[in-house]
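Q: Take a look at this one; I'll ask things after.
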Amino acid sequence: MNRSNVLKWLWLLGVASATCAAASHPPTDRRNFITCPIIQDTETVPCWVADYAGERYFLGIQTDSGGWSPPWLGHKVLVEGRIAPGPRICGGIPLTSQYPASNLPSGTADGAPLPNSPVASVMRELDPSCNTLLPTNPQYHIVGRRGPGPNTAESALHRPPPPPPPPAVTPPYSPRTFKLTYDFDSELASRTIGAALKAVQYAQATQARRITITAYRSATLLSDGTLAIEIENIAQLRAEELGSTLHRLKIPPTTQLLLHWNTKPLPADGVTDPERRHAEILVTP
Amino acid sequence: MRAKRSQLGLQKIWLLAGLTLLRANMTRKALSAMKTPDALACMRLSALCAMGFIAVPATADPPQPDYWIAAGQGGTAPHLARYEDGQGEVEVLLASGPVNMKDHPFFTPLGENGRACVTCHQPSSGMGLSVETIRKRWQETQGRDPLFAAIDGSNCPSLAQEKPDSHSLLLNRGLFRVSLPWPRTTGPDGTPVNPEFTIELVRDPTGCNTDPQYGLHSPDPHISIFRRPRIAANLKYLAVDAGAEMYGGVGPFNAKRLAMVLDRDPETGRYMSMNIMSDARDPTLKIQAAEAARDHLQVRTALTDAQLQQIVTFESQIYAAQGVDTAGDDFSAPGAPPALGAHNLRDSPTGVLGDSFGNPAFKTFDAWLSGSGSARPSGPVPARLSDSTAARPSDSASAPLSNSPSARLSDPAPTRLADSASMSGSRPDLNVDTKAHAPNTPSATPPAQQALRESVARGYDIFFNRPFWIRDVSHINTVGFGNPAKRTCVTCHNLQMVGTDASAGWGDLGTTNEPWAGEPLYSPRSAIKPELPLFKVVCNPQARPHPFLGRVIYTHDPGRALISGKCYDVGSIVMGQLRALAARPPYFSNGSAEDLRAVVDFYDRRFNMALTQQEKTDLVNFMSVL
């Protein structure tokens, strides 16, 4: 059996196992779906909402770069979250997640703090049908940490402090693993890229013999029981992008860099799927 | 000795001739008569000669026109000089004091074509190059100035160089040819680049992309795109160590969340802000100077380290800004708005995020408001800049850098070096015709002058406070704001004092990509034809597509993508700084906006801003005083 046949069989096995996993549904309070996002303007910052199965859900508000990443018109969005307690916000049932995008509250709705936003992955390809911008609704009282104009926060006056120096590393050196997570179908680990820097710093401190990157392809169990599986080559793209990043961060010249990727989609449970979209950097001193 | 006597003799002759001409001019009766271009030129020449103007070379060559510093002309560049620019006067401040131009590598022709750095970075154009200056130079030299060198001052080196048509992009839009290897195989730091897209030529009005020697399919394949020169001034804000001097630059990553590692200075290993070039390909001024010497000056052997260092040192202390507006406001006078004028650029700190009420991008214009607020637009007015910023004690931006070497020189009276007759004018919309420089106090201000001041202040208010839907801009809407984002101009033009992006600031605004680029369409009934090449970019199916244009993109300049090889970078251009604007039209990297009004119109169209005519005028007036 040649290599391409092996890959084909592996791929079919992956699809089969993913299909098996799709036999179940996420817990009842979960809402995982792919749809067009909708932007609902308010008298302050706009809200992002989405319709699914005859219901409207609130996702979050416009933020500054660095916090929750709102969706994009022109693209569908994969929403992964659970129903949050409390009243509707901007006309939608609020969704939330266990992944706070920032350690600062993003704002309030009718005086109550906004919940953490659900995970929202912008789908890779264009979809011109996603083009709904609802005009200002004066009944929605949103106060964002950042308004639609310049920043009012005191923190904006000061340049962020430089990052602390990496902790001193002392022998005996042991292998360490650094994990990065990704948005669905994305090879850019925007939120967790700091782990790559830590890995390089550890490799530099230990003059590591080897760095092994292993990237994964994943899936999400949607609320309707079907599976959304990432594009076939996403694990390879993640591994190569991460390898390039480590090179640019200057790994020691004597360190061997190995790239591995796993094209078989990891099993999905509809709850922890965002964490499974990941890559690992193993630094071996 | 002989040569010296001859030079002294020539100086005397010039002095006498100048005094004679000046006396003749001064006896002419009416000031209005002197406003004709010829009379003005005569006055200028005579006055300059009579003063023994420092930039006039003491050689046997005729004096250079006052608006133009020729490569190798010698003389001294003054500490502070002003030049008329059609919206008042632009000023260029050399913070370290006057500079002897003789043998200085910035002013000396170092390569084969007779150009120096100054050829394309003229003080009279705010250290850039306006298209008016280019045209004037063509007329005066019949196209023989080194500025029009075949290599990049023409549409293609293989064209007949004596014809104006062969230089049409330079003469019409101020564009120089930039020739980059394509397909690119390595990045600026030597790491491999595997382009995610192919480039097909859709049309090539210049012929250079199909040229057998210079084209995309030549033995040494290159792509020709056409770009405006950036200004060699205020560079302490742009050519910075990202970790130390850039807001948000707390590590090696681009703050714009693309998990992208910034380019390094190969000499120091420090991560750089990547805001110098329109495609961010040169991380440091030294690398830029070396590349420009090779590509634009056509040096045979690379510049020495000492030459490069001299150029970088010189460039790093140049500050250019509007110094006087059409109403006669002198921005160096007490009470002028604290962001205006070159001296404030010199004295302000770098790396201050201006998208904030605490440190607004161009500080405050409250000094120019009458206090009644009646001049503001009707309807709800967002929070005024003055509400939170005017007297903020912690405003580090207004703290003078008393220990800065550049601050040790006191500001002398400016040397007025040039009037560009073709660029003189007033503002009919405001009926401003006074030229007297006035104090910056509302109570002592003539009504027309006050009207301009308040228009500028309103323009800044719009720039800072008026939200609109920023939409479909890659590297803006894709970096955490969402698409669209309800924000204001300062969201992107956020670096205090210069209005670039405090992050590595490239994005696809649409100036080079269709459908927004706005190049004319072919029509049998129209004499106006498209001038720029048009490329079809096809991204491979594995690539992350351009976020708002997908995998097939029509572009006149792929911009950053020519360096990164990334599909999502196609059409992304690094923001240019918003200083000394009046002295250097046209605007955008491809010269597609012929004046500041065209810039405002582009944004109005692009983002459906629904600006009123008054708001457009206010924005133009605001930008013209920067």
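Ordering of the structure tokens sets the chain letters (A, B, ...), residue numbers begin anew at 1 in every chain, and ligands are numbered from 1 in the order given.
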Would you list which chain B residues are within 8 Å of chain A using only C-alpha atoms, as a tab-separated table (two decimals) with N, CA and C atoms, in the first residue's frame?
A:
chain	number	residue	atom	x	y	z
B	191	THR	N	14.55	34.81	5.98
B	191	THR	CA	13.73	33.60	6.12
B	191	THR	C	12.99	33.32	4.81
B	243	GLY	N	9.90	47.48	20.96
B	243	GLY	CA	9.76	47.11	22.37
B	243	GLY	C	9.87	48.30	23.29
B	247	TYR	N	3.80	52.05	21.30
B	247	TYR	CA	2.70	51.69	22.17
B	247	TYR	C	2.25	50.27	21.85
B	248	GLY	N	2.12	49.48	22.86
B	248	GLY	CA	1.69	48.10	22.64
B	248	GLY	C	2.82	47.19	22.22
B	250	VAL	N	5.17	45.46	23.40
B	250	VAL	CA	5.76	44.93	24.62
B	250	VAL	C	6.52	43.63	24.37
B	251	GLY	N	6.57	43.22	23.17
B	251	GLY	CA	7.28	41.98	22.90
B	251	GLY	C	7.60	41.90	21.44
B	252	PRO	N	7.92	40.72	20.98
B	252	PRO	CA	8.31	40.60	19.57
B	252	PRO	C	7.14	40.55	18.60
B	256	LYS	N	-1.10	43.81	16.37
B	256	LYS	CA	-2.36	43.61	15.64
B	256	LYS	C	-2.79	42.15	15.58
B	257	ARG	N	-2.29	41.37	16.50
B	257	ARG	CA	-2.87	40.05	16.77
B	257	ARG	C	-2.81	39.07	15.61
B	258	LEU	N	-1.92	39.24	14.72
B	258	LEU	CA	-1.82	38.23	13.68
B	258	LEU	C	-0.74	37.21	14.03
B	259	ALA	N	-0.37	37.20	15.27
B	259	ALA	CA	0.66	36.27	15.71
B	259	ALA	C	1.91	36.44	14.87
B	260	MET	N	2.14	37.65	14.45
B	260	MET	CA	3.26	37.92	13.54
B	260	MET	C	4.43	38.51	14.31
B	261	VAL	N	5.60	37.93	14.09
B	261	VAL	CA	6.81	38.43	14.74
B	261	VAL	C	7.34	39.62	13.94
B	351	GLY	N	5.79	57.29	20.62
B	351	GLY	CA	5.11	56.10	21.15
B	351	GLY	C	3.90	56.39	22.01
B	352	VAL	N	3.28	57.57	21.85
B	352	VAL	CA	2.10	57.90	22.65
B	352	VAL	C	0.85	57.54	21.85
B	353	LEU	N	0.01	56.70	22.43
B	353	LEU	CA	-1.23	56.30	21.75
B	353	LEU	C	-2.20	57.47	21.81
B	355	ASP	N	-5.27	57.65	20.48
B	355	ASP	CA	-6.68	57.29	20.39
B	355	ASP	C	-7.27	57.31	21.79
B	356	SER	N	-7.13	58.43	22.45
B	356	SER	CA	-7.46	58.51	23.86
B	356	SER	C	-7.72	59.95	24.23
B	357	PHE	N	-8.70	60.15	25.11
B	357	PHE	CA	-8.98	61.51	25.55
B	357	PHE	C	-7.84	62.04	26.42
B	358	GLY	N	-7.10	61.16	27.00
B	358	GLY	CA	-6.00	61.61	27.85
B	358	GLY	C	-4.82	62.13	27.06
B	359	ASN	N	-4.53	61.53	25.94
B	359	ASN	CA	-3.41	61.96	25.09
B	359	ASN	C	-3.89	62.04	23.65
B	464	PHE	N	-11.53	63.24	15.43
B	464	PHE	CA	-11.36	62.57	16.72
B	464	PHE	C	-12.64	61.90	17.20
B	465	ASN	N	-13.76	62.54	16.99
B	465	ASN	CA	-14.99	62.13	17.68
B	465	ASN	C	-16.09	61.57	16.82
B	466	ARG	N	-16.10	61.83	15.53
B	466	ARG	CA	-17.29	61.50	14.74
B	466	ARG	C	-17.22	60.06	14.28
B	467	PRO	N	-18.08	59.19	14.83
B	467	PRO	CA	-17.99	57.78	14.45
B	467	PRO	C	-18.61	57.49	13.08
B	477	ASN	N	-10.26	45.81	10.71
B	477	ASN	CA	-11.46	45.10	11.16
B	477	ASN	C	-11.15	43.67	11.57
B	478	THR	N	-9.99	43.18	11.23
B	478	THR	CA	-9.66	41.79	11.52
B	478	THR	C	-8.83	41.63	12.79
B	479	VAL	N	-8.59	42.72	13.50
B	479	VAL	CA	-7.67	42.61	14.64
B	479	VAL	C	-8.36	42.82	15.98
B	480	GLY	N	-9.64	42.46	16.02
B	480	GLY	CA	-10.30	42.47	17.30
B	480	GLY	C	-11.40	43.50	17.46
B	481	PHE	N	-11.58	44.35	16.45
B	481	PHE	CA	-12.67	45.33	16.54
B	481	PHE	C	-13.98	44.74	16.03
B	482	GLY	N	-13.89	43.74	15.14
B	482	GLY	CA	-15.05	43.24	14.43
B	482	GLY	C	-15.26	44.02	13.15
B	483	ASN	N	-16.10	43.43	12.29
B	483	ASN	CA	-16.38	44.08	11.01
B	483	ASN	C	-17.89	44.17	10.81
B	484	PRO	N	-18.45	45.40	10.75
B	484	PRO	CA	-17.76	46.69	10.84
B	484	PRO	C	-17.52	47.09	12.29
B	485	ALA	N	-16.77	48.16	12.43
B	485	ALA	CA	-16.54	48.73	13.76
B	485	ALA	C	-17.00	50.19	13.74
B	486	LYS	N	-17.71	50.56	14.78
B	486	LYS	CA	-18.23	51.94	14.88
B	486	LYS	C	-17.16	52.76	15.60
B	487	ARG	N	-16.38	53.41	14.86
B	487	ARG	CA	-15.23	54.11	15.43
B	487	ARG	C	-14.98	55.39	14.65
B	488	THR	N	-13.87	56.03	14.94
B	488	THR	CA	-13.56	57.33	14.35
B	488	THR	C	-12.21	57.27	13.63
B	490	VAL	N	-9.44	58.51	14.32
B	490	VAL	CA	-8.27	58.35	15.18
B	490	VAL	C	-8.09	56.90	15.64
B	491	THR	N	-9.09	56.05	15.42
B	491	THR	CA	-8.91	54.64	15.74
B	491	THR	C	-7.69	54.08	15.01
B	542	GLN	N	-5.16	26.63	-0.40
B	542	GLN	CA	-4.75	26.36	0.98
B	542	GLN	C	-4.58	27.65	1.78
B	544	ARG	N	-4.91	31.25	3.61
B	544	ARG	CA	-5.93	32.07	4.27
B	544	ARG	C	-6.27	33.20	3.32
B	545	PRO	N	-7.53	33.31	2.89
B	545	PRO	CA	-7.84	34.31	1.86
B	545	PRO	C	-7.79	35.74	2.40
B	547	PRO	N	-9.37	38.77	3.74
B	547	PRO	CA	-10.59	38.64	4.54
B	547	PRO	C	-11.84	39.23	3.89
B	548	PHE	N	-11.66	40.18	2.98
B	548	PHE	CA	-12.86	40.80	2.41
B	548	PHE	C	-12.91	40.76	0.89
B	549	LEU	N	-11.87	40.21	0.28
B	549	LEU	CA	-11.87	40.11	-1.18
B	549	LEU	C	-11.70	38.68	-1.65
B	550	GLY	N	-11.45	37.78	-0.74
B	550	GLY	CA	-11.38	36.37	-1.11
B	550	GLY	C	-10.06	35.98	-1.76
Q: Skip Leu297 of chain B itself and residues of its chain fewer than 5 positions away, then list as a VMD selection string all residues within 7 Å of it, counting only C-alpha atoms.
A: chain B and resid 110 to 113 115 to 116 292
Q: Based on DSSP run over this structure's backbone, return all residues of segment 72-270 of chain A in helix (DSSP H, G or I), as a count of residues only.
A: 32
Q: Which neighbours of Phe314 of chain B fall inside 9 Å, counting only C-alpha atoms, when residues of the same chain fewer than 4 positions from it are skipped, and could you give them as a PyMOL selection string?
A: chain B and resi 94+96+99+106+309-310+318
Q: Given only C-alpha atoms as the basis, pick out the residue of B:Ala244, B:Ile231, B:Cys117, B:Ala451 nearest to Ala290 of chain B.
A: B:Cys117
Q: Go through A:Arg146, A:His25, A:Lys76, A:Lys264 one by one, measure the shortest atom-to-atom distance of each to Ala50 of chain A using only C-alpha atoms, and give the residue with the smallest value.
A: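 Nearest candidate to Ala50 of chain A out of A:Arg146, A:His25, A:Lys76, A:Lys264: A:Lys76.
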Q: Considering only C-alpha atoms, state which residue in the set B:Pro181, B:Pro105, B:Pro446, B:Pro283 is at the smallest distance from Ala239 of chain B.
A: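 Checking each candidate against Ala239 of chain B, we get B:Pro283 as the closest.
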Q: Give me the residues within 12 Å of Pro113 of chain A as a ChimeraX atom specification, counting only C-alpha atoms and dropping any in the same chain fewer than 5 places off.
A: /A:60-61,84-87,89,94,104-108,141-145
Q: Can I get the selected residues back with C-alpha atoms, as a PDB file, in the first residue's frame?
A:
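Full text of again-v3.pdb as output:
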ATOM      1  CA  GLY A  60     -21.007  40.362  22.832  1.00  0.00           C
ATOM      2  CA  ILE A  61     -20.322  44.004  22.142  1.00  0.00           C
ATOM      3  CA  ALA A  84     -25.926  32.596  30.483  1.00  0.00           C
ATOM      4  CA  PRO A  85     -28.325  33.470  33.289  1.00  0.00           C
ATOM      5  CA  GLY A  86     -30.014  36.837  33.160  1.00  0.00           C
ATOM      6  CA  PRO A  87     -32.279  38.843  30.891  1.00  0.00           C
ATOM      7  CA  ILE A  89     -29.289  41.710  25.970  1.00  0.00           C
ATOM      8  CA  PRO A  94     -26.926  35.889  26.276  1.00  0.00           C
ATOM      9  CA  LEU A 104     -11.392  43.429  32.491  1.00  0.00           C
ATOM     10  CA  PRO A 105     -15.188  43.535  32.209  1.00  0.00           C
ATOM     11  CA  SER A 106     -16.251  44.479  28.706  1.00  0.00           C
ATOM     12  CA  GLY A 107     -19.180  46.598  29.906  1.00  0.00           C
ATOM     13  CA  THR A 108     -22.744  46.593  31.171  1.00  0.00           C
ATOM     14  CA  HIS A 141     -28.609  50.503  27.074  1.00  0.00           C
ATOM     15  CA  ILE A 142     -25.072  49.332  26.643  1.00  0.00           C
ATOM     16  CA  VAL A 143     -22.036  50.861  28.272  1.00  0.00           C
ATOM     17  CA  GLY A 144     -18.821  49.509  26.866  1.00  0.00           C
ATOM     18  CA  ARG A 145     -15.464  49.600  28.553  1.00  0.00           C
TER      19      ARG A 145
END
Q: Show me, as a ChimeraX atom specification, the residues that have an atom within 9 Å of Phe148 of chain B when counting only C-alpha atoms, minus same-chain residues fewer than 3 positions from it.
A: /B:134,138,143-145,151-154,161,167,170
Q: Got time to write the residues from that selection, N, CA and C atoms, as a compact mmCIF listing (two decimals), in the first residue's frame?
A:
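Written out: result-v4.txt:
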# COMPACT_ATOMS: atom_id res chain seq x y z
N ILE B 134 7.59 68.54 -9.12
CA ILE B 134 8.10 67.66 -10.18
C ILE B 134 7.85 68.28 -11.56
N TRP B 138 10.53 69.61 -14.34
CA TRP B 138 10.55 69.12 -15.72
C TRP B 138 10.60 70.30 -16.69
N GLY B 143 13.23 68.07 -18.61
CA GLY B 143 13.28 66.66 -18.25
C GLY B 143 14.68 66.10 -18.07
N ARG B 144 15.68 66.99 -18.00
CA ARG B 144 17.05 66.48 -17.89
C ARG B 144 17.55 66.41 -16.45
N ASP B 145 16.72 66.82 -15.50
CA ASP B 145 17.15 66.71 -14.10
C ASP B 145 17.30 65.23 -13.74
N ILE B 151 15.71 54.89 -14.51
CA ILE B 151 15.52 53.67 -13.71
C ILE B 151 14.18 53.66 -12.97
N ASP B 152 13.76 54.80 -12.44
CA ASP B 152 12.49 54.82 -11.71
C ASP B 152 11.74 56.14 -11.87
N GLY B 153 12.37 57.12 -12.52
CA GLY B 153 11.69 58.38 -12.77
C GLY B 153 10.94 58.37 -14.09
N SER B 154 10.94 57.24 -14.73
CA SER B 154 10.14 57.07 -15.94
C SER B 154 9.25 55.85 -15.75
N GLN B 161 13.34 58.30 -23.27
CA GLN B 161 13.35 59.11 -22.06
C GLN B 161 13.09 60.59 -22.30
N HIS B 167 7.29 59.61 -18.84
CA HIS B 167 7.38 59.93 -17.41
C HIS B 167 6.00 60.31 -16.87
N LEU B 170 5.06 59.95 -13.14
CA LEU B 170 5.76 60.89 -12.27
C LEU B 170 5.19 62.30 -12.44
Q: Of the residues B:His493, B:Arg579, B:Arg551, B:Lys163, which is the one nearest to Leu235 of chain B, using only C-alpha atoms?
A: B:Arg579
